[in-house]
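For reference, target-v1.pdb is printed below; it contains PDB, C-alpha atoms.
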```pdb
ATOM      1  CA  GLU A 543     -12.840 -25.620 -15.095  1.00  0.00           C
ATOM      2  CA  PRO A 544     -12.583 -27.336 -11.679  1.00  0.00           C
ATOM      3  CA  GLU A 545     -14.616 -25.726  -8.933  1.00  0.00           C
ATOM      4  CA  VAL A 546     -14.856 -25.695  -5.176  1.00  0.00           C
ATOM      5  CA  THR A 547     -18.471 -26.466  -4.319  1.00  0.00           C
ATOM      6  CA  GLN A 548     -20.126 -25.271  -1.141  1.00  0.00           C
ATOM      7  CA  THR A 549     -23.488 -26.316   0.200  1.00  0.00           C
ATOM      8  CA  PRO A 550     -25.902 -24.983   1.176  1.00  0.00           C
ATOM      9  CA  SER A 551     -25.705 -21.525  -0.337  1.00  0.00           C
ATOM     10  CA  HIS A 552     -27.774 -20.115   2.513  1.00  0.00           C
ATOM     11  CA  GLN A 553     -28.527 -21.597   5.908  1.00  0.00           C
ATOM     12  CA  VAL A 554     -30.675 -20.215   8.668  1.00  0.00           C
ATOM     13  CA  THR A 555     -30.263 -21.688  12.124  1.00  0.00           C
ATOM     14  CA  GLN A 556     -31.431 -20.935  15.635  1.00  0.00           C
ATOM     15  CA  MET A 557     -28.977 -19.678  18.209  1.00  0.00           C
ATOM     16  CA  GLY A 558     -27.460 -22.556  20.146  1.00  0.00           C
ATOM     17  CA  GLN A 559     -27.925 -25.078  17.369  1.00  0.00           C
ATOM     18  CA  GLU A 560     -25.107 -26.972  15.720  1.00  0.00           C
ATOM     19  CA  VAL A 561     -24.477 -26.278  12.052  1.00  0.00           C
ATOM     20  CA  ILE A 562     -22.272 -28.023   9.495  1.00  0.00           C
ATOM     21  CA  LEU A 563     -21.111 -26.215   6.393  1.00  0.00           C
ATOM     22  CA  ARG A 564     -19.988 -28.443   3.569  1.00  0.00           C
ATOM     23  CA  CYS A 565     -17.369 -28.023   0.911  1.00  0.00           C
ATOM     24  CA  VAL A 566     -16.081 -30.227  -1.869  1.00  0.00           C
ATOM     25  CA  PRO A 567     -12.570 -29.026  -2.766  1.00  0.00           C
ATOM     26  CA  ILE A 568     -10.922 -29.662  -6.111  1.00  0.00           C
ATOM     27  CA  SER A 569     -10.008 -33.318  -6.239  1.00  0.00           C
ATOM     28  CA  ASN A 570      -6.209 -33.148  -6.513  1.00  0.00           C
ATOM     29  CA  HIS A 571      -5.778 -30.280  -4.080  1.00  0.00           C
ATOM     30  CA  LEU A 572      -4.028 -30.916  -0.783  1.00  0.00           C
ATOM     31  CA  TYR A 573      -4.546 -27.750   1.286  1.00  0.00           C
ATOM     32  CA  PHE A 574      -7.916 -26.603   2.486  1.00  0.00           C
ATOM     33  CA  TYR A 575      -9.113 -23.401   4.088  1.00  0.00           C
ATOM     34  CA  TRP A 576     -12.084 -21.682   5.632  1.00  0.00           C
ATOM     35  CA  TYR A 577     -12.516 -17.914   5.618  1.00  0.00           C
ATOM     36  CA  ARG A 578     -15.467 -15.863   6.711  1.00  0.00           C
ATOM     37  CA  GLN A 579     -16.864 -12.419   6.067  1.00  0.00           C
ATOM     38  CA  ILE A 580     -19.213 -10.745   8.501  1.00  0.00           C
ATOM     39  CA  LEU A 581     -21.432  -8.400   6.527  1.00  0.00           C
ATOM     40  CA  GLY A 582     -19.579  -5.209   5.668  1.00  0.00           C
ATOM     41  CA  GLN A 583     -16.356  -6.369   7.269  1.00  0.00           C
ATOM     42  CA  LYS A 584     -13.152  -7.957   6.067  1.00  0.00           C
ATOM     43  CA  VAL A 585     -12.794 -11.469   4.769  1.00  0.00           C
ATOM     44  CA  GLU A 586     -10.936 -13.215   7.608  1.00  0.00           C
ATOM     45  CA  PHE A 587      -8.889 -16.378   7.751  1.00  0.00           C
ATOM     46  CA  LEU A 588     -10.299 -19.049  10.048  1.00  0.00           C
ATOM     47  CA  VAL A 589      -8.318 -22.241   9.567  1.00  0.00           C
ATOM     48  CA  SER A 590      -6.054 -24.184   7.256  1.00  0.00           C
ATOM     49  CA  PHE A 591      -5.992 -27.965   6.967  1.00  0.00           C
ATOM     50  CA  TYR A 592      -3.428 -30.303   5.499  1.00  0.00           C
ATOM     51  CA  ASN A 593      -2.750 -34.008   5.770  1.00  0.00           C
ATOM     52  CA  ASN A 594      -5.840 -34.533   7.908  1.00  0.00           C
ATOM     53  CA  GLU A 595      -4.947 -32.029  10.557  1.00  0.00           C
ATOM     54  CA  ILE A 596      -5.211 -28.343  11.260  1.00  0.00           C
ATOM     55  CA  SER A 597      -2.032 -26.569  10.214  1.00  0.00           C
ATOM     56  CA  GLU A 598      -3.024 -23.113  11.431  1.00  0.00           C
ATOM     57  CA  LYS A 599      -6.025 -21.439  13.012  1.00  0.00           C
ATOM     58  CA  SER A 600      -6.927 -17.878  13.865  1.00  0.00           C
ATOM     59  CA  GLU A 601      -8.111 -16.464  17.165  1.00  0.00           C
ATOM     60  CA  ILE A 602     -11.655 -16.613  15.819  1.00  0.00           C
ATOM     61  CA  PHE A 603     -11.446 -20.384  15.509  1.00  0.00           C
ATOM     62  CA  ASP A 604     -12.210 -21.275  19.106  1.00  0.00           C
ATOM     63  CA  ASP A 605     -13.488 -24.498  20.657  1.00  0.00           C
ATOM     64  CA  GLN A 606     -16.913 -23.974  19.094  1.00  0.00           C
ATOM     65  CA  PHE A 607     -15.419 -24.592  15.658  1.00  0.00           C
ATOM     66  CA  SER A 608     -14.075 -27.791  14.183  1.00  0.00           C
ATOM     67  CA  VAL A 609     -13.106 -29.005  10.733  1.00  0.00           C
ATOM     68  CA  GLU A 610     -13.051 -32.443   9.259  1.00  0.00           C
ATOM     69  CA  ARG A 611     -12.363 -34.243   6.029  1.00  0.00           C
ATOM     70  CA  PRO A 612     -14.534 -37.253   6.725  1.00  0.00           C
ATOM     71  CA  ASP A 613     -14.360 -39.158   3.454  1.00  0.00           C
ATOM     72  CA  GLY A 614     -11.493 -37.852   1.336  1.00  0.00           C
ATOM     73  CA  SER A 615     -13.711 -35.570  -0.723  1.00  0.00           C
ATOM     74  CA  ASN A 616     -15.768 -33.395   1.621  1.00  0.00           C
ATOM     75  CA  PHE A 617     -14.294 -30.749   3.893  1.00  0.00           C
ATOM     76  CA  THR A 618     -16.636 -29.563   6.616  1.00  0.00           C
ATOM     77  CA  LEU A 619     -16.793 -26.734   9.103  1.00  0.00           C
ATOM     78  CA  LYS A 620     -18.855 -27.403  12.207  1.00  0.00           C
ATOM     79  CA  ILE A 621     -20.025 -24.770  14.633  1.00  0.00           C
ATOM     80  CA  ARG A 622     -21.145 -26.532  17.788  1.00  0.00           C
ATOM     81  CA  SER A 623     -23.430 -23.973  19.378  1.00  0.00           C
ATOM     82  CA  THR A 624     -24.090 -21.043  17.101  1.00  0.00           C
ATOM     83  CA  LYS A 625     -24.182 -17.454  18.321  1.00  0.00           C
ATOM     84  CA  LEU A 626     -25.734 -14.444  16.663  1.00  0.00           C
ATOM     85  CA  GLU A 627     -22.255 -13.138  15.863  1.00  0.00           C
ATOM     86  CA  ASP A 628     -21.510 -16.255  13.804  1.00  0.00           C
ATOM     87  CA  SER A 629     -23.806 -14.867  11.114  1.00  0.00           C
ATOM     88  CA  ALA A 630     -21.502 -14.379   8.138  1.00  0.00           C
ATOM     89  CA  MET A 631     -20.558 -15.590   4.694  1.00  0.00           C
ATOM     90  CA  TYR A 632     -18.239 -18.585   4.973  1.00  0.00           C
ATOM     91  CA  PHE A 633     -15.840 -19.337   2.122  1.00  0.00           C
ATOM     92  CA  CYS A 634     -14.066 -22.606   1.577  1.00  0.00           C
ATOM     93  CA  ALA A 635     -10.905 -22.710  -0.529  1.00  0.00           C
ATOM     94  CA  SER A 636      -8.361 -25.235  -1.666  1.00  0.00           C
ATOM     95  CA  ARG A 637      -5.002 -25.226  -3.373  1.00  0.00           C
ATOM     96  CA  PRO A 638      -2.689 -27.812  -4.876  1.00  0.00           C
ATOM     97  CA  GLY A 639       0.447 -28.853  -3.049  1.00  0.00           C
ATOM     98  CA  THR A 640       2.790 -27.855  -5.820  1.00  0.00           C
ATOM     99  CA  GLY A 641       3.002 -25.391  -8.624  1.00  0.00           C
ATOM    100  CA  ASP A 642       1.502 -21.944  -8.232  1.00  0.00           C
ATOM    101  CA  LEU A 643       1.746 -21.251  -4.521  1.00  0.00           C
ATOM    102  CA  TYR A 644      -1.007 -18.685  -4.830  1.00  0.00           C
ATOM    103  CA  GLY A 645      -3.338 -21.013  -6.676  1.00  0.00           C
ATOM    104  CA  TYR A 646      -6.247 -20.809  -4.276  1.00  0.00           C
ATOM    105  CA  THR A 647      -9.665 -21.626  -5.631  1.00  0.00           C
ATOM    106  CA  PHE A 648     -12.533 -20.258  -3.560  1.00  0.00           C
ATOM    107  CA  GLY A 649     -16.069 -21.556  -3.415  1.00  0.00           C
ATOM    108  CA  SER A 650     -19.099 -19.341  -3.818  1.00  0.00           C
ATOM    109  CA  GLY A 651     -19.726 -19.267  -0.091  1.00  0.00           C
ATOM    110  CA  THR A 652     -22.410 -20.243   2.388  1.00  0.00           C
ATOM    111  CA  ARG A 653     -24.364 -17.423   3.966  1.00  0.00           C
ATOM    112  CA  LEU A 654     -25.104 -18.415   7.556  1.00  0.00           C
ATOM    113  CA  THR A 655     -27.825 -16.532   9.392  1.00  0.00           C
ATOM    114  CA  VAL A 656     -28.235 -17.200  13.108  1.00  0.00           C
ATOM    115  CA  VAL A 657     -31.570 -16.072  14.537  1.00  0.00           C
TER     116      VAL A 657
ATOM    117  CA  GLY B 508       0.762  -6.264  12.063  1.00  0.00           C
ATOM    118  CA  ASN B 509      -0.403  -7.013   8.556  1.00  0.00           C
ATOM    119  CA  SER B 510      -3.470  -5.275   7.180  1.00  0.00           C
ATOM    120  CA  VAL B 511      -5.141  -4.020   4.022  1.00  0.00           C
ATOM    121  CA  THR B 512      -7.193  -0.872   3.711  1.00  0.00           C
ATOM    122  CA  GLN B 513      -9.523  -0.263   0.785  1.00  0.00           C
ATOM    123  CA  MET B 514     -11.603   2.729  -0.140  1.00  0.00           C
ATOM    124  CA  GLU B 515     -15.157   2.440   1.036  1.00  0.00           C
ATOM    125  CA  GLY B 516     -17.886   1.896  -1.465  1.00  0.00           C
ATOM    126  CA  PRO B 517     -20.160   1.749  -3.118  1.00  0.00           C
ATOM    127  CA  VAL B 518     -18.583   3.257  -6.188  1.00  0.00           C
ATOM    128  CA  THR B 519     -21.122   4.125  -8.862  1.00  0.00           C
ATOM    129  CA  LEU B 520     -19.916   4.926 -12.383  1.00  0.00           C
ATOM    130  CA  SER B 521     -21.384   5.313 -15.807  1.00  0.00           C
ATOM    131  CA  GLU B 522     -20.375   2.877 -18.498  1.00  0.00           C
ATOM    132  CA  GLU B 523     -17.015   3.751 -20.124  1.00  0.00           C
ATOM    133  CA  ALA B 524     -15.901   5.820 -17.125  1.00  0.00           C
ATOM    134  CA  PHE B 525     -12.424   5.464 -15.623  1.00  0.00           C
ATOM    135  CA  LEU B 526     -12.185   3.389 -12.483  1.00  0.00           C
ATOM    136  CA  THR B 527      -9.778   3.641  -9.580  1.00  0.00           C
ATOM    137  CA  ILE B 528     -10.187   1.669  -6.371  1.00  0.00           C
ATOM    138  CA  ASN B 529      -7.559   2.546  -3.800  1.00  0.00           C
ATOM    139  CA  CYS B 530      -5.776  -0.058  -1.728  1.00  0.00           C
ATOM    140  CA  THR B 531      -2.958   0.393   0.755  1.00  0.00           C
ATOM    141  CA  TYR B 532      -1.306  -2.190   2.934  1.00  0.00           C
ATOM    142  CA  THR B 533       0.820  -2.666   6.017  1.00  0.00           C
ATOM    143  CA  ALA B 534       3.013  -5.719   6.131  1.00  0.00           C
ATOM    144  CA  THR B 535       6.055  -7.213   7.746  1.00  0.00           C
ATOM    145  CA  GLY B 536       8.277  -8.774   5.157  1.00  0.00           C
ATOM    146  CA  TYR B 537       7.601  -8.735   1.434  1.00  0.00           C
ATOM    147  CA  PRO B 538       4.037  -9.611   0.578  1.00  0.00           C
ATOM    148  CA  SER B 539       2.481 -10.490  -2.729  1.00  0.00           C
ATOM    149  CA  LEU B 540      -0.582  -8.415  -3.574  1.00  0.00           C
ATOM    150  CA  PHE B 541      -3.830  -9.462  -5.160  1.00  0.00           C
ATOM    151  CA  TRP B 542      -7.167  -8.245  -6.367  1.00  0.00           C
ATOM    152  CA  TYR B 543     -10.091 -10.638  -6.125  1.00  0.00           C
ATOM    153  CA  VAL B 544     -13.547 -10.050  -7.568  1.00  0.00           C
ATOM    154  CA  GLN B 545     -16.878 -11.418  -6.450  1.00  0.00           C
ATOM    155  CA  TYR B 546     -19.715 -11.260  -8.944  1.00  0.00           C
ATOM    156  CA  PRO B 547     -23.248 -11.574  -7.568  1.00  0.00           C
ATOM    157  CA  GLY B 548     -23.929 -15.105  -6.367  1.00  0.00           C
ATOM    158  CA  GLU B 549     -20.427 -16.329  -7.143  1.00  0.00           C
ATOM    159  CA  GLY B 550     -17.216 -17.066  -5.287  1.00  0.00           C
ATOM    160  CA  LEU B 551     -14.045 -15.060  -4.960  1.00  0.00           C
ATOM    161  CA  GLN B 552     -12.165 -15.064  -8.267  1.00  0.00           C
ATOM    162  CA  LEU B 553      -8.576 -14.027  -8.701  1.00  0.00           C
ATOM    163  CA  LEU B 554      -8.480 -10.935 -10.892  1.00  0.00           C
ATOM    164  CA  LEU B 555      -4.781 -10.090 -10.897  1.00  0.00           C
ATOM    165  CA  LYS B 556      -1.674 -10.283  -8.789  1.00  0.00           C
ATOM    166  CA  ALA B 557       1.806  -8.820  -8.367  1.00  0.00           C
ATOM    167  CA  THR B 558       4.491 -10.639  -6.452  1.00  0.00           C
ATOM    168  CA  LYS B 559       7.182  -7.984  -6.069  1.00  0.00           C
ATOM    169  CA  ALA B 560       7.712  -4.240  -6.039  1.00  0.00           C
ATOM    170  CA  ASP B 561       7.082  -2.419  -9.347  1.00  0.00           C
ATOM    171  CA  ASP B 562       5.330  -5.446 -10.858  1.00  0.00           C
ATOM    172  CA  LYS B 563       2.138  -4.667 -12.713  1.00  0.00           C
ATOM    173  CA  GLY B 564      -0.686  -7.173 -12.661  1.00  0.00           C
ATOM    174  CA  SER B 565      -3.279  -7.022 -15.420  1.00  0.00           C
ATOM    175  CA  ASN B 566      -6.325  -8.949 -16.542  1.00  0.00           C
ATOM    176  CA  LYS B 567      -9.565  -8.179 -18.403  1.00  0.00           C
ATOM    177  CA  GLY B 568      -8.542  -4.533 -18.838  1.00  0.00           C
ATOM    178  CA  PHE B 569      -7.840  -4.068 -15.124  1.00  0.00           C
ATOM    179  CA  GLU B 570      -4.374  -3.096 -13.926  1.00  0.00           C
ATOM    180  CA  ALA B 571      -2.620  -2.558 -10.609  1.00  0.00           C
ATOM    181  CA  THR B 572       1.008  -1.712  -9.867  1.00  0.00           C
ATOM    182  CA  TYR B 573       2.795  -2.809  -6.705  1.00  0.00           C
ATOM    183  CA  ARG B 574       4.189   0.428  -5.226  1.00  0.00           C
ATOM    184  CA  LYS B 575       6.450  -0.346  -2.301  1.00  0.00           C
ATOM    185  CA  GLU B 576       7.299   3.305  -1.637  1.00  0.00           C
ATOM    186  CA  THR B 577       3.643   4.193  -1.075  1.00  0.00           C
ATOM    187  CA  THR B 578       2.573   0.691   0.090  1.00  0.00           C
ATOM    188  CA  SER B 579      -0.224   0.777  -2.433  1.00  0.00           C
ATOM    189  CA  PHE B 580      -1.826  -1.452  -5.048  1.00  0.00           C
ATOM    190  CA  HIS B 581      -4.577   0.631  -6.620  1.00  0.00           C
ATOM    191  CA  LEU B 582      -6.903  -1.024  -9.120  1.00  0.00           C
ATOM    192  CA  GLU B 583      -7.604   0.812 -12.368  1.00  0.00           C
ATOM    193  CA  LYS B 584      -9.578   0.279 -15.531  1.00  0.00           C
ATOM    194  CA  GLY B 585      -9.795   2.713 -18.381  1.00  0.00           C
ATOM    195  CA  SER B 586     -13.387   2.043 -19.437  1.00  0.00           C
ATOM    196  CA  VAL B 587     -15.763   0.096 -17.212  1.00  0.00           C
ATOM    197  CA  GLN B 588     -18.681  -1.951 -18.422  1.00  0.00           C
ATOM    198  CA  VAL B 589     -21.953  -2.896 -16.759  1.00  0.00           C
ATOM    199  CA  SER B 590     -20.608  -6.443 -16.482  1.00  0.00           C
ATOM    200  CA  ASP B 591     -17.824  -5.167 -14.192  1.00  0.00           C
ATOM    201  CA  SER B 592     -20.368  -4.557 -11.444  1.00  0.00           C
ATOM    202  CA  ALA B 593     -19.120  -6.634  -8.527  1.00  0.00           C
ATOM    203  CA  VAL B 594     -17.324  -6.442  -5.198  1.00  0.00           C
ATOM    204  CA  TYR B 595     -13.541  -6.034  -5.455  1.00  0.00           C
ATOM    205  CA  PHE B 596     -11.230  -7.215  -2.681  1.00  0.00           C
ATOM    206  CA  CYS B 597      -7.615  -6.223  -2.251  1.00  0.00           C
ATOM    207  CA  ALA B 598      -5.488  -8.783  -0.409  1.00  0.00           C
ATOM    208  CA  LEU B 599      -1.941  -9.521   0.617  1.00  0.00           C
ATOM    209  CA  PHE B 600      -0.279 -12.867   0.904  1.00  0.00           C
ATOM    210  CA  LEU B 601       2.858 -13.458   2.929  1.00  0.00           C
ATOM    211  CA  SER B 602       5.105 -16.245   1.730  1.00  0.00           C
ATOM    212  CA  GLY B 603       5.391 -18.901   4.360  1.00  0.00           C
ATOM    213  CA  THR B 604       1.902 -18.342   5.763  1.00  0.00           C
ATOM    214  CA  TYR B 605      -0.070 -19.391   2.681  1.00  0.00           C
ATOM    215  CA  LYS B 606      -3.024 -17.341   3.795  1.00  0.00           C
ATOM    216  CA  TYR B 607      -4.573 -14.121   2.655  1.00  0.00           C
ATOM    217  CA  ILE B 608      -5.299 -10.931   4.508  1.00  0.00           C
ATOM    218  CA  PHE B 609      -8.175  -9.180   2.808  1.00  0.00           C
ATOM    219  CA  GLY B 610      -9.563  -5.695   2.773  1.00  0.00           C
ATOM    220  CA  THR B 611     -13.245  -5.047   3.374  1.00  0.00           C
ATOM    221  CA  GLY B 612     -14.139  -5.039  -0.301  1.00  0.00           C
ATOM    222  CA  THR B 613     -15.410  -2.228  -2.511  1.00  0.00           C
ATOM    223  CA  ARG B 614     -18.701  -2.582  -4.311  1.00  0.00           C
ATOM    224  CA  LEU B 615     -18.672  -1.236  -7.866  1.00  0.00           C
ATOM    225  CA  LYS B 616     -21.912  -0.472  -9.658  1.00  0.00           C
ATOM    226  CA  VAL B 617     -21.736   0.477 -13.328  1.00  0.00           C
ATOM    227  CA  LEU B 618     -24.787   2.074 -14.886  1.00  0.00           C
ATOM    228  CA  ALA B 619     -25.655   1.801 -18.574  1.00  0.00           C
TER     229      ALA B 619
END
```

Using structure tokens, write down the structure from this file.
Amino acid sequence: EPEVTQTPSHQVTQMGQEVILRCVPISNHLYFYWYRQILGQKVEFLVSFYNNEISEKSEIFDDQFSVERPDGSNFTLKIRSTKLEDSAMYFCASRPGTGDLYGYTFGSGTRLTVV
Amino acid sequence: GNSVTQMEGPVTLSEEAFLTINCTYTATGYPSLFWYVQYPGEGLQLLLKATKADDKGSNKGFEATYRKETTSFHLEKGSVQVSDSAVYFCALFLSGTYKYIFGTGTRLKVLA
């Protein structure tokens, strides 16, 4: 069964450093998403991406965050200067453009720890 | 605004016990409702869904009924197994937004 692959599974970074979280969505999917979950809190929407541009972003997704689909297969989330409060589990997801509108597939997540 | 509230965990049950995890929601419009499950070390997997009032979603012995009058979507299973140990997330999805609003998740631990 097709999967959304996220790497690394766990990343530790120092405060102020840049970090890039990587995702490989399912190959024929057209819509891409990042969500995050701070430990013990809700899973929150960060950003959606379609046709090589951001289609929607949440208040959390400020200027420190950016997304990119650099090569037609990877979908990355960059945090420019990490803060302690960026420590969370980050989930990538994708869905096809047609068919089941709810057909998200989530990755297994990247746990980011900022120290 | 739109939100989902789940019962706090962890929920610890013995094998073959009856499970209920409560979920209520607040939404503008007419959301679809979902339960996702996250097994240890894995991603979020769709467990079941209901797209309109009075629909019942079911999968793997789990059931939930979309109750508009009580704005609820409680998850139930008649007889849990150790392999059901996981975190369960209730979520709503508003048509037109194509994004989910999740609850905080409820950890279920089933003991043999």

Fill in: All residues 10 Å or closer to Val546 in chain A, all atoms listed in the file, same chain fewer than 2 positions away omitted, as a list in words
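Within the cut-off, the hits are Pro544, Gln548, Cys565, Val566, Pro567, Ile568, Ser569, Phe633, Cys634, Ala635, Ser636, Tyr646, Thr647, Phe648, Gly649, Ser650 and Gly651 of chain A; Gly550 of chain B.
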
Chain A contacts on chain B, all atoms listed in the file, 12 Å, as a PDB file with C-alpha atoms, in the coordinates of the input:
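So the final result, stored in out16.pdb, reads:
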```pdb
ATOM      1  CA  SER B 510      -3.470  -5.275   7.180  1.00  0.00           C
ATOM      2  CA  VAL B 511      -5.141  -4.020   4.022  1.00  0.00           C
ATOM      3  CA  THR B 512      -7.193  -0.872   3.711  1.00  0.00           C
ATOM      4  CA  GLN B 513      -9.523  -0.263   0.785  1.00  0.00           C
ATOM      5  CA  GLU B 515     -15.157   2.440   1.036  1.00  0.00           C
ATOM      6  CA  GLY B 516     -17.886   1.896  -1.465  1.00  0.00           C
ATOM      7  CA  PRO B 517     -20.160   1.749  -3.118  1.00  0.00           C
ATOM      8  CA  PRO B 538       4.037  -9.611   0.578  1.00  0.00           C
ATOM      9  CA  SER B 539       2.481 -10.490  -2.729  1.00  0.00           C
ATOM     10  CA  LEU B 540      -0.582  -8.415  -3.574  1.00  0.00           C
ATOM     11  CA  PHE B 541      -3.830  -9.462  -5.160  1.00  0.00           C
ATOM     12  CA  TYR B 543     -10.091 -10.638  -6.125  1.00  0.00           C
ATOM     13  CA  VAL B 544     -13.547 -10.050  -7.568  1.00  0.00           C
ATOM     14  CA  GLN B 545     -16.878 -11.418  -6.450  1.00  0.00           C
ATOM     15  CA  TYR B 546     -19.715 -11.260  -8.944  1.00  0.00           C
ATOM     16  CA  PRO B 547     -23.248 -11.574  -7.568  1.00  0.00           C
ATOM     17  CA  GLY B 548     -23.929 -15.105  -6.367  1.00  0.00           C
ATOM     18  CA  GLU B 549     -20.427 -16.329  -7.143  1.00  0.00           C
ATOM     19  CA  GLY B 550     -17.216 -17.066  -5.287  1.00  0.00           C
ATOM     20  CA  LEU B 551     -14.045 -15.060  -4.960  1.00  0.00           C
ATOM     21  CA  GLN B 552     -12.165 -15.064  -8.267  1.00  0.00           C
ATOM     22  CA  LEU B 553      -8.576 -14.027  -8.701  1.00  0.00           C
ATOM     23  CA  LEU B 554      -8.480 -10.935 -10.892  1.00  0.00           C
ATOM     24  CA  LEU B 555      -4.781 -10.090 -10.897  1.00  0.00           C
ATOM     25  CA  LYS B 556      -1.674 -10.283  -8.789  1.00  0.00           C
ATOM     26  CA  ALA B 557       1.806  -8.820  -8.367  1.00  0.00           C
ATOM     27  CA  THR B 558       4.491 -10.639  -6.452  1.00  0.00           C
ATOM     28  CA  VAL B 594     -17.324  -6.442  -5.198  1.00  0.00           C
ATOM     29  CA  TYR B 595     -13.541  -6.034  -5.455  1.00  0.00           C
ATOM     30  CA  PHE B 596     -11.230  -7.215  -2.681  1.00  0.00           C
ATOM     31  CA  CYS B 597      -7.615  -6.223  -2.251  1.00  0.00           C
ATOM     32  CA  ALA B 598      -5.488  -8.783  -0.409  1.00  0.00           C
ATOM     33  CA  LEU B 599      -1.941  -9.521   0.617  1.00  0.00           C
ATOM     34  CA  PHE B 600      -0.279 -12.867   0.904  1.00  0.00           C
ATOM     35  CA  LEU B 601       2.858 -13.458   2.929  1.00  0.00           C
ATOM     36  CA  SER B 602       5.105 -16.245   1.730  1.00  0.00           C
ATOM     37  CA  GLY B 603       5.391 -18.901   4.360  1.00  0.00           C
ATOM     38  CA  THR B 604       1.902 -18.342   5.763  1.00  0.00           C
ATOM     39  CA  TYR B 605      -0.070 -19.391   2.681  1.00  0.00           C
ATOM     40  CA  LYS B 606      -3.024 -17.341   3.795  1.00  0.00           C
ATOM     41  CA  TYR B 607      -4.573 -14.121   2.655  1.00  0.00           C
ATOM     42  CA  ILE B 608      -5.299 -10.931   4.508  1.00  0.00           C
ATOM     43  CA  PHE B 609      -8.175  -9.180   2.808  1.00  0.00           C
ATOM     44  CA  GLY B 610      -9.563  -5.695   2.773  1.00  0.00           C
ATOM     45  CA  THR B 611     -13.245  -5.047   3.374  1.00  0.00           C
ATOM     46  CA  GLY B 612     -14.139  -5.039  -0.301  1.00  0.00           C
ATOM     47  CA  THR B 613     -15.410  -2.228  -2.511  1.00  0.00           C
ATOM     48  CA  ARG B 614     -18.701  -2.582  -4.311  1.00  0.00           C
TER      49      ARG B 614
END
```

Can you pull out every residue within 9 Å of range 552-561 of chain A, counting only C-alpha atoms, but drop anything in the same chain fewer than 6 positions away, and send it as a compact mmCIF listing (two decimals) with C-alpha atoms, in the coordinates of the input?
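New file part.txt:
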```txt
# COMPACT_ATOMS: atom_id res chain seq x y z
CA LEU A 619 -16.79 -26.73 9.10
CA LYS A 620 -18.86 -27.40 12.21
CA ILE A 621 -20.02 -24.77 14.63
CA ARG A 622 -21.14 -26.53 17.79
CA SER A 623 -23.43 -23.97 19.38
CA THR A 624 -24.09 -21.04 17.10
CA LYS A 625 -24.18 -17.45 18.32
CA LEU A 626 -25.73 -14.44 16.66
CA MET A 631 -20.56 -15.59 4.69
CA GLY A 651 -19.73 -19.27 -0.09
CA THR A 652 -22.41 -20.24 2.39
CA ARG A 653 -24.36 -17.42 3.97
CA LEU A 654 -25.10 -18.42 7.56
CA THR A 655 -27.82 -16.53 9.39
CA VAL A 656 -28.24 -17.20 13.11
CA VAL A 657 -31.57 -16.07 14.54
```

Discussion item. Applying 10 Å and all atoms listed in the file, which residues near Thr572 in chain B remain after dropping the ones on its own chain fewer than 6 positions away? List them as a ChimeraX atom specification.
Written reply: /B:540,556-557,559-565,579-583

Discussion item. Residues near Val589 in chain B, anyone? I mean within 10 Å using all atoms listed in the file, not counting same-chain ones fewer than 2 positions away, as a PyMOL selection string.
Written reply: chain B and resi 520-523+587+591-593+615-619

Worksheet entry | Distance in Å - CA of Gly585 in chain B versus CA of Met514 in chain B |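 Going from CA of Gly585 in chain B over to CA of Met514 in chain B, I get 18.3 Å.
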
Worksheet entry | Two-atom distance - CA of Ile602 in chain A, CA of Gly536 in chain B (Å) | 23.9 Å

Fill in: Interatomic distance (Å, one decimal) between CA of Phe617 in chain A and CA of Leu572 in chain A
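Pair CA of Phe617 in chain A / CA of Leu572 in chain A returns 11.3 Å.
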
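Proximity of A:Glu627, A:Leu563, A:Asp604, A:Gly639 to Trp576 in chain A, computed with only C-alpha atoms, is greatest for A:Leu563.
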
As lines of an AutoDock Vina configuration file, please report the centre and edge lengths, rounded to one decimal in Å, of the axis-aligned box that holds all listed atoms of range 583-600 of chain A with 5 Å of padding on each of the six sides.
```
center_x = -9.2
center_y = -20.5
center_z = 9.3
size_x = 24.3
size_y = 38.2
size_z = 19.1
```

Worksheet entry | Among listed residues B:Gly508, B:Thr527, B:Tyr537, B:Gly568, nearest Gln588 in chain B (using only C-alpha atoms) | B:Gly568
